[in-house]
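Shown here: structure.pdb, PDB, C-alpha atoms.
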MODEL        1
ATOM      1  CA  MET A 259    -133.126  23.648-152.720
ATOM      2  CA  ASP A 260    -131.189  23.181-149.467
ATOM      3  CA  GLY A 261    -129.217  26.318-150.256
ATOM      4  CA  TRP A 262    -128.468  25.470-153.925
ATOM      5  CA  TYR A 263    -129.982  27.151-156.965
ATOM      6  CA  VAL A 264    -129.418  27.673-160.717
ATOM      7  CA  ASP A 265    -129.108  31.324-161.726
ATOM      8  CA  ASP A 266    -130.576  32.957-164.831
ATOM      9  CA  ARG A 267    -127.323  32.741-166.826
ATOM     10  CA  CYS A 268    -128.062  29.054-167.513
ATOM     11  CA  THR A 269    -128.112  28.299-171.262
ATOM     12  CA  ASN A 270    -129.761  24.868-170.940
ATOM     13  CA  CYS A 271    -126.657  23.177-172.352
ATOM     14  CA  ASP A 272    -127.360  19.891-170.486
ATOM     15  CA  VAL A 273    -123.848  19.478-169.040
ATOM     16  CA  ALA A 274    -124.994  19.595-165.414
ATOM     17  CA  ARG A 275    -127.803  17.118-166.090
ATOM     18  CA  GLN A 276    -125.317  14.699-167.665
ATOM     19  CA  LEU A 277    -123.213  14.668-164.501
ATOM     20  CA  ALA A 278    -125.990  14.668-161.878
ATOM     21  CA  PRO A 279    -129.252  13.619-163.576
ATOM     22  CA  GLU A 280    -130.876  12.543-160.334
ATOM     23  CA  LEU A 281    -130.215  15.948-158.738
ATOM     24  CA  ILE A 282    -130.601  18.402-161.635
ATOM     25  CA  GLY A 283    -133.497  18.461-164.100
ATOM     26  CA  GLU A 284    -134.924  20.761-166.762
ATOM     27  CA  ALA A 285    -137.794  23.214-166.407
ATOM     28  CA  ASP A 286    -138.799  26.299-168.389
ATOM     29  CA  GLY A 287    -135.772  26.126-170.651
ATOM     30  CA  LYS A 288    -133.041  25.807-168.039
ATOM     31  CA  SER A 289    -131.652  23.447-165.447
ATOM     32  CA  ARG A 290    -133.035  23.437-161.931
ATOM     33  CA  ILE A 291    -132.139  21.691-158.679
ATOM     34  CA  LEU A 292    -134.490  18.753-158.047
ATOM     35  CA  ARG A 293    -133.335  17.872-154.545
ATOM     36  CA  PRO A 294    -130.263  18.107-152.337
ATOM     37  CA  PRO A 295    -127.657  15.333-152.408
ATOM     38  CA  ALA A 296    -128.530  12.442-150.121
ATOM     39  CA  ASP A 297    -124.988  11.202-149.469
ATOM     40  CA  GLU A 298    -121.345  11.855-150.245
ATOM     41  CA  VAL A 299    -121.514  10.158-153.644
ATOM     42  CA  GLU A 300    -124.341  12.463-154.731
ATOM     43  CA  ASN A 301    -122.525  15.461-153.249
ATOM     44  CA  ARG A 302    -119.536  14.665-155.471
ATOM     45  CA  ARG A 303    -121.831  14.430-158.516
ATOM     46  CA  LEU A 304    -123.379  17.786-157.703
ATOM     47  CA  HIS A 305    -119.941  19.390-157.437
ATOM     48  CA  ALA A 306    -118.902  17.830-160.745
ATOM     49  CA  ALA A 307    -121.874  19.645-162.285
ATOM     50  CA  VAL A 308    -120.892  22.855-160.469
ATOM     51  CA  PHE A 309    -117.328  22.832-161.814
ATOM     52  CA  ALA A 310    -118.326  21.787-165.343
ATOM     53  CA  CYS A 311    -121.057  24.412-165.859
ATOM     54  CA  HIS A 312    -119.736  26.933-168.372
ATOM     55  CA  THR A 313    -121.701  29.856-166.920
ATOM     56  CA  ARG A 314    -121.008  28.854-163.295
ATOM     57  CA  SER A 315    -124.771  29.000-162.779
ATOM     58  CA  ILE A 316    -125.077  26.316-160.087
ATOM     59  CA  ARG A 317    -124.581  28.235-156.872
ATOM     60  CA  PRO A 318    -124.844  27.761-153.122
ATOM     61  CA  ALA A 319    -127.041  30.394-151.501
ATOM     62  CA  THR A 320    -124.491  30.888-148.760
ATOM     63  CA  GLY A 321    -120.786  31.285-149.369
ATOM     64  CA  ARG A 322    -118.357  30.189-152.048
ATOM     65  CA  VAL A 323    -118.112  26.764-153.669
ATOM     66  CA  ASP A 324    -115.364  24.733-152.013
ATOM     67  CA  PRO A 325    -112.561  24.399-154.618
ATOM     68  CA  SER A 326    -111.293  21.231-152.920
ATOM     69  CA  LEU A 327    -114.433  19.481-154.240
ATOM     70  CA  ASP A 328    -113.484  20.128-157.891
ATOM     71  CA  PRO A 329    -113.112  16.562-159.295
ATOM     72  CA  PHE A 330    -111.628  17.369-162.694
ATOM     73  CA  PRO A 331    -110.122  15.840-164.699
ATOM     74  CA  LEU A 332    -112.504  13.019-163.876
ATOM     75  CA  ALA A 333    -111.982   9.419-165.036
ATOM     76  CA  LEU A 334    -114.778   7.984-167.176
ATOM     77  CA  ASP A 335    -112.864   4.791-167.903
ATOM     78  CA  ASP A 336    -109.286   3.570-167.525
ATOM     79  CA  GLY A 337    -108.360   5.228-170.826
ATOM     80  CA  VAL A 338    -110.240   8.530-170.869
ATOM     81  CA  LEU A 339    -110.873  11.509-168.576
ATOM     82  CA  ILE A 340    -113.405  14.294-168.937
ATOM     83  CA  CYS A 341    -111.852  17.733-168.465
ATOM     84  CA  GLY A 342    -114.785  19.627-166.940
ATOM     85  CA  HIS A 343    -114.533  23.428-166.698
ATOM     86  CA  ASN A 344    -116.489  23.833-169.934
ATOM     87  CA  SER A 345    -116.057  27.104-171.799
ATOM     88  CA  THR A 346    -118.581  29.732-172.803
ATOM     89  CA  HIS A 347    -116.525  30.128-176.002
ATOM     90  CA  THR A 348    -117.423  26.567-177.080
ATOM     91  CA  ALA A 349    -121.111  26.830-176.079
ATOM     92  CA  GLY A 350    -120.317  24.704-173.034
ATOM     93  CA  ALA A 351    -118.953  21.713-174.952
ATOM     94  CA  ASN A 352    -117.330  18.788-173.168
ATOM     95  CA  SER A 353    -113.653  18.052-173.698
ATOM     96  CA  TYR A 354    -111.613  14.954-172.946
ATOM     97  CA  LEU A 355    -108.144  13.578-172.267
ATOM     98  CA  LEU A 356    -107.285  10.342-174.056
ATOM     99  CA  LEU A 357    -104.588   8.343-172.241
ATOM    100  CA  ARG A 358    -102.053   6.537-174.399
ATOM    101  CA  PRO A 359     -99.981   3.417-173.613
ATOM    102  CA  SER A 360     -96.799   5.517-173.755
ATOM    103  CA  GLY A 361     -97.985   7.531-170.749
ATOM    104  CA  THR A 362     -98.789  10.577-172.875
ATOM    105  CA  ARG A 363    -102.192  12.141-173.443
ATOM    106  CA  MET A 364    -104.247  13.702-176.229
ATOM    107  CA  MET A 365    -106.787  16.463-175.559
ATOM    108  CA  ILE A 366    -109.979  16.332-177.619
ATOM    109  CA  ASP A 367    -111.541  19.801-177.881
ATOM    110  CA  THR A 368    -110.835  22.248-175.082
ATOM    111  CA  PRO A 369    -112.092  23.361-171.686
ATOM    112  CA  ARG A 370    -111.929  26.985-170.559
ATOM    113  CA  TRP A 371    -108.391  28.319-170.570
ATOM    114  CA  SER A 372    -106.340  28.847-167.459
ATOM    115  CA  ARG A 373    -102.710  28.074-166.714
ATOM    116  CA  GLU A 374    -103.692  26.296-163.502
ATOM    117  CA  LEU A 375    -106.055  24.002-165.402
ATOM    118  CA  ALA A 376    -103.466  23.357-168.115
ATOM    119  CA  GLU A 377    -100.966  22.247-165.477
ATOM    120  CA  ARG A 378    -103.595  20.046-163.861
ATOM    121  CA  TYR A 379    -104.292  18.293-167.172
ATOM    122  CA  THR A 380    -100.595  17.422-167.602
ATOM    123  CA  ALA A 381    -100.073  16.260-164.024
ATOM    124  CA  GLY A 382    -100.480  12.630-165.115
ATOM    125  CA  GLY A 383     -98.617  12.829-168.429
ATOM    126  CA  LEU A 384     -97.486  15.032-171.315
ATOM    127  CA  VAL A 385    -100.218  16.171-173.724
ATOM    128  CA  THR A 386     -98.822  15.665-177.230
ATOM    129  CA  ASP A 387    -101.806  16.679-179.368
ATOM    130  CA  VAL A 388    -104.895  18.891-179.188
ATOM    131  CA  LEU A 389    -107.507  17.403-181.520
ATOM    132  CA  LEU A 390    -110.305  19.749-182.587
ATOM    133  CA  THR A 391    -113.502  18.119-183.829
ATOM    134  CA  HIS A 392    -114.758  21.264-185.623
ATOM    135  CA  ARG A 393    -114.871  25.055-185.652
ATOM    136  CA  ASP A 394    -117.340  25.513-182.777
ATOM    137  CA  HIS A 395    -114.832  23.966-180.372
ATOM    138  CA  ALA A 396    -111.671  25.660-181.637
ATOM    139  CA  ALA A 397    -111.510  28.291-178.867
ATOM    140  CA  HIS A 398    -108.446  27.943-176.621
ATOM    141  CA  GLY A 399    -106.946  25.275-178.904
ATOM    142  CA  ARG A 400    -103.851  27.270-179.809
ATOM    143  CA  ARG A 401    -103.336  28.409-176.245
ATOM    144  CA  TYR A 402    -103.474  24.892-174.828
ATOM    145  CA  ALA A 403    -101.290  23.505-177.617
ATOM    146  CA  ASP A 404     -98.645  26.165-177.036
ATOM    147  CA  HIS A 405     -98.671  25.594-173.286
ATOM    148  CA  PHE A 406     -98.306  21.833-173.752
ATOM    149  CA  GLY A 407     -95.832  22.068-176.647
ATOM    150  CA  ALA A 408     -98.417  19.994-178.527
ATOM    151  CA  ARG A 409     -99.636  19.796-182.120
ATOM    152  CA  LEU A 410    -102.999  21.399-182.918
ATOM    153  CA  TRP A 411    -105.233  19.518-185.405
ATOM    154  CA  ILE A 412    -108.262  20.630-187.439
ATOM    155  CA  HIS A 413    -109.888  19.721-190.765
ATOM    156  CA  GLU A 414    -109.326  21.969-193.771
ATOM    157  CA  GLY A 415    -113.077  22.619-193.994
ATOM    158  CA  ASP A 416    -112.928  24.538-190.712
ATOM    159  CA  LEU A 417    -109.363  25.817-191.031
ATOM    160  CA  ASP A 418    -110.398  29.461-190.836
ATOM    161  CA  ALA A 419    -111.359  28.797-187.188
ATOM    162  CA  ALA A 420    -107.784  27.685-186.406
ATOM    163  CA  PRO A 421    -105.615  28.988-189.265
ATOM    164  CA  ASP A 422    -102.423  28.409-187.271
ATOM    165  CA  ALA A 423    -103.097  24.684-186.767
ATOM    166  CA  ASP A 424     -99.994  22.512-186.970
ATOM    167  CA  GLN A 425    -101.713  19.564-188.651
ATOM    168  CA  VAL A 426    -104.485  19.955-191.240
ATOM    169  CA  ILE A 427    -106.724  16.991-192.017
ATOM    170  CA  ARG A 428    -107.694  16.956-195.694
ATOM    171  CA  GLY A 429    -110.338  15.224-197.759
ATOM    172  CA  LEU A 430    -112.847  12.584-196.687
ATOM    173  CA  GLN A 431    -110.678   9.510-196.134
ATOM    174  CA  PRO A 432    -109.848   8.278-192.621
ATOM    175  CA  ARG A 433    -106.281   8.833-191.515
ATOM    176  CA  GLU A 434    -104.199   7.302-188.735
ATOM    177  CA  ILE A 435    -102.760  10.187-186.727
ATOM    178  CA  ALA A 436    -101.097   8.136-183.984
ATOM    179  CA  GLU A 437    -100.853   4.481-183.089
ATOM    180  CA  GLY A 438    -104.396   3.304-182.399
ATOM    181  CA  VAL A 439    -105.956   6.702-183.192
ATOM    182  CA  THR A 440    -107.687   7.568-186.479
ATOM    183  CA  VAL A 441    -109.549  10.640-187.654
ATOM    184  CA  HIS A 442    -112.691  10.247-189.769
ATOM    185  CA  PRO A 443    -113.919  13.342-191.640
ATOM    186  CA  LEU A 444    -117.667  13.695-191.084
ATOM    187  CA  PRO A 445    -118.930  16.891-192.743
ATOM    188  CA  GLY A 446    -122.448  17.893-191.855
ATOM    189  CA  HIS A 447    -122.637  19.725-188.534
ATOM    190  CA  THR A 448    -119.953  21.956-190.050
ATOM    191  CA  ARG A 449    -118.042  21.630-193.297
ATOM    192  CA  GLY A 450    -114.937  20.476-191.426
ATOM    193  CA  SER A 451    -116.434  18.255-188.715
ATOM    194  CA  VAL A 452    -114.501  15.105-187.854
ATOM    195  CA  LEU A 453    -114.602  12.357-185.256
ATOM    196  CA  TYR A 454    -111.642  10.678-183.610
ATOM    197  CA  LEU A 455    -111.618   6.921-183.007
ATOM    198  CA  ALA A 456    -109.218   5.365-180.499
ATOM    199  CA  ASP A 457    -108.391   1.704-179.924
ATOM    200  CA  ASP A 458    -111.742   0.500-181.357
ATOM    201  CA  ARG A 459    -113.119   1.633-178.014
ATOM    202  CA  TYR A 460    -113.589   5.402-177.847
ATOM    203  CA  CYS A 461    -115.460   7.563-180.360
ATOM    204  CA  PHE A 462    -115.054  11.318-179.848
ATOM    205  CA  SER A 463    -117.931  12.414-182.041
ATOM    206  CA  GLY A 464    -117.808  16.200-181.624
ATOM    207  CA  ASP A 465    -121.262  17.555-182.452
ATOM    208  CA  SER A 466    -122.026  14.990-185.163
ATOM    209  CA  PHE A 467    -124.000  12.622-182.904
ATOM    210  CA  TYR A 468    -124.529  11.926-179.217
ATOM    211  CA  TRP A 469    -126.378   9.696-176.753
ATOM    212  CA  SER A 470    -129.849  10.979-175.914
ATOM    213  CA  ARG A 471    -131.333  10.257-172.493
ATOM    214  CA  THR A 472    -134.715  11.262-173.932
ATOM    215  CA  THR A 473    -134.803   8.613-176.651
ATOM    216  CA  GLY A 474    -132.315   6.136-175.195
ATOM    217  CA  ASP A 475    -130.393   5.999-178.461
ATOM    218  CA  LEU A 476    -127.798   7.702-180.644
ATOM    219  CA  GLU A 477    -129.133  10.919-182.159
ATOM    220  CA  VAL A 478    -128.099  13.876-184.310
ATOM    221  CA  ALA A 479    -128.940  17.433-183.291
ATOM    222  CA  ASP A 480    -130.455  18.371-186.631
ATOM    223  CA  SER A 481    -131.801  21.704-185.348
ATOM    224  CA  VAL A 482    -128.211  22.875-184.788
ATOM    225  CA  THR A 483    -126.622  21.292-187.851
ATOM    226  CA  TRP A 484    -125.094  24.431-189.308
ATOM    227  CA  HIS A 485    -123.758  23.155-192.637
ATOM    228  CA  SER A 486    -126.009  20.435-194.088
ATOM    229  CA  ILE A 487    -128.161  17.687-192.614
ATOM    230  CA  GLU A 488    -128.121  15.929-196.003
ATOM    231  CA  GLU A 489    -124.322  15.917-195.975
ATOM    232  CA  LEU A 490    -124.298  14.626-192.407
ATOM    233  CA  ALA A 491    -126.572  11.778-193.501
ATOM    234  CA  ALA A 492    -124.185  10.964-196.353
ATOM    235  CA  SER A 493    -121.220  11.090-193.961
ATOM    236  CA  LEU A 494    -122.862   8.662-191.545
ATOM    237  CA  ALA A 495    -123.803   6.290-194.365
ATOM    238  CA  ARG A 496    -120.232   6.377-195.692
ATOM    239  CA  THR A 497    -118.609   5.945-192.300
ATOM    240  CA  ALA A 498    -120.846   3.604-190.281
ATOM    241  CA  ASP A 499    -119.230   0.397-191.572
ATOM    242  CA  ARG A 500    -115.751   1.732-190.721
ATOM    243  CA  LEU A 501    -116.407   2.542-187.077
ATOM    244  CA  ARG A 502    -116.114   0.154-184.158
ATOM    245  CA  PHE A 503    -116.349   1.561-180.649
ATOM    246  CA  GLU A 504    -117.864   1.046-177.207
ATOM    247  CA  TRP A 505    -117.959   4.620-175.889
ATOM    248  CA  VAL A 506    -119.629   7.566-177.611
ATOM    249  CA  LEU A 507    -118.046  10.737-176.202
ATOM    250  CA  PRO A 508    -119.630  13.831-177.786
ATOM    251  CA  GLY A 509    -119.057  17.532-177.336
ATOM    252  CA  HIS A 510    -122.741  18.161-176.627
ATOM    253  CA  GLY A 511    -125.204  15.571-175.415
ATOM    254  CA  ASP A 512    -124.671  12.608-173.152
ATOM    255  CA  ARG A 513    -122.061   9.858-173.124
ATOM    256  CA  ARG A 514    -122.747   6.123-173.209
ATOM    257  CA  ARG A 515    -120.900   2.804-173.175
ATOM    258  CA  LEU A 516    -122.371  -0.262-174.883
ATOM    259  CA  PRO A 517    -120.884  -3.411-176.429
ATOM    260  CA  ALA A 518    -119.288  -2.606-179.799
ATOM    261  CA  GLU A 519    -121.771  -4.775-181.703
ATOM    262  CA  GLU A 520    -124.698  -2.903-180.105
ATOM    263  CA  MET A 521    -123.125   0.482-180.850
ATOM    264  CA  SER A 522    -122.626  -0.570-184.472
ATOM    265  CA  ARG A 523    -126.278  -1.571-184.768
ATOM    266  CA  ARG A 524    -127.416   1.718-183.293
ATOM    267  CA  LEU A 525    -125.060   3.728-185.522
ATOM    268  CA  HIS A 526    -126.459   2.071-188.632
ATOM    269  CA  GLY A 527    -129.954   2.826-187.354
ATOM    270  CA  LEU A 528    -128.988   6.462-186.849
ATOM    271  CA  ALA A 529    -127.624   6.662-190.388
ATOM    272  CA  GLY A 530    -130.954   5.411-191.706
ATOM    273  CA  ARG A 531    -133.003   7.846-189.609
ATOM    274  CA  THR A 532    -130.798  10.798-190.519
ATOM    275  CA  ARG A 533    -131.305  10.099-194.219
ATOM    276  CA  LEU A 534    -135.000  10.948-193.715
ATOM    277  CA  LEU A 535    -134.368  14.356-192.127
ATOM    278  CA  ARG A 536    -134.707  17.642-193.980
ATOM    279  CA  PRO A 537    -133.165  21.043-193.208
ATOM    280  CA  ARG A 538    -134.894  23.219-190.659
ATOM    281  CA  PRO A 539    -134.113  26.540-188.975
ATOM    282  CA  VAL A 540    -131.478  26.543-186.272
ATOM    283  CA  ASP A 541    -133.195  26.291-182.892
ATOM    284  CA  PHE A 542    -131.253  25.395-179.735
ATOM    285  CA  THR A 543    -134.493  24.884-177.793
ATOM    286  CA  ALA A 544    -135.576  22.119-180.165
ATOM    287  CA  VAL A 545    -132.854  19.712-178.996
ATOM    288  CA  ARG A 546    -134.319  16.993-176.750
ATOM    289  CA  TRP A 547    -131.255  15.846-174.850
TER
ENDMDL
END
Just give me the structure of the file as structure tokens.
Amino acid sequence: MDGWYVDDRCTNCDVARQLAPELIGEADGKSRILRPPADEVENRRLHAAVFACHTRSIRPATGRVDPSLDPFPLALDDGVLICGHNSTHTAGANSYLLLRPSGTRMMIDTPRWSRELAERYTAGGLVTDVLLTHRDHAAHGRRYADHFGARLWIHEGDLDAAPDADQVIRGLQPREIAEGVTVHPLPGHTRGSVLYLADDRYCFSGDSFYWSRTTGDLEVADSVTWHSIEELAASLARTADRLRFEWVLPGHGDRRRLPAEEMSRRLHGLAGRTRLLRPRPVDFTAVRW
């Protein structure tokens, strides 16, 4: 479409469609270009999708993508940036930079590794911590932490994915890990899945739940819940009353901001719906983003 196409390496991870939903859609199990950008704003959205795609599958038919149009890290709000440059080693998961009042930053999960990217992510402030939500997103964690001189965090349930972590989260009780930042163990997607809650505003939910454009609500990806959907349901039931946030910021699936009271209502609804689910075979194609 107007010189742009999606090549056959696409894994249908949904990242591009999150960033440019009016330009990129889904057909036959992969993303496809719907139409060319109509103005400069849409051109920037298309290039955000280009530079986030973990397989680099969104290509211009003529020439190389202009690196000056790489927007990342990209502000989602005044307190959080999305890293872009998603990694094939995390199945294309999103990662984020949480900005702290001290001027420092925390990285939640990791983008693809490169020294140039690492320096870009610290251009606005020192990264003090790399917070892993679970084993699937552990790739590059040690490398980024070492480059930043930061602490690497993971839950004991997934410790074998990052055995050299500096901080190990244990048990099921929430824990304050920095001023305004708490970790809530949420086993289910994996044994050691957690979410990070910041300032009663941001919920970094990993792969435990996400915002679905298909249903217009919070959802769990039960077809890729590796450990136990029943345990995830129990985790949500145990945790829902403890969580207050406006932004859901997942590893996979879309992001959304709503008033905290509305998010709380939807989270309780999700806990109730998840309790009715039963295990089923893992099937990436079954996820309706």
Of the listed residues A:Cys271, A:Arg409, A:Leu417, A:Tyr402, that which approaches Glu374 of chain A most closely, counting only C-alpha atoms: A:Tyr402
Reference answer for the PyMOL selection byres ((chain A and resi 478-480) around 8), as a ChimeraX atom specification: /A:465-468,476-477,481-483,487,528,532,535,537-538,545
Residues matched by the PyMOL selection byres ((chain A and resi 520) around 12) as number ranges by chain: A: 475-476, 502-506, 514-519, 521-527
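For segment 320-323 of chain A, the list of residues within 12 Å, based on only C-alpha atoms and with local chain neighbours fewer than 5 positions off taken out, reads Met259, Asp260, Gly261, Trp262, Tyr263, Leu304, His305, Ala306, Ala307, Val308, Phe309, Arg314, Ser315 and Asp328 of chain A.
Of the listed residues (A:Thr497, A:Val441, A:Leu384, A:Thr543), A:Thr543 comes nearest to Thr269 of chain A; the distances count all atoms listed in the file.
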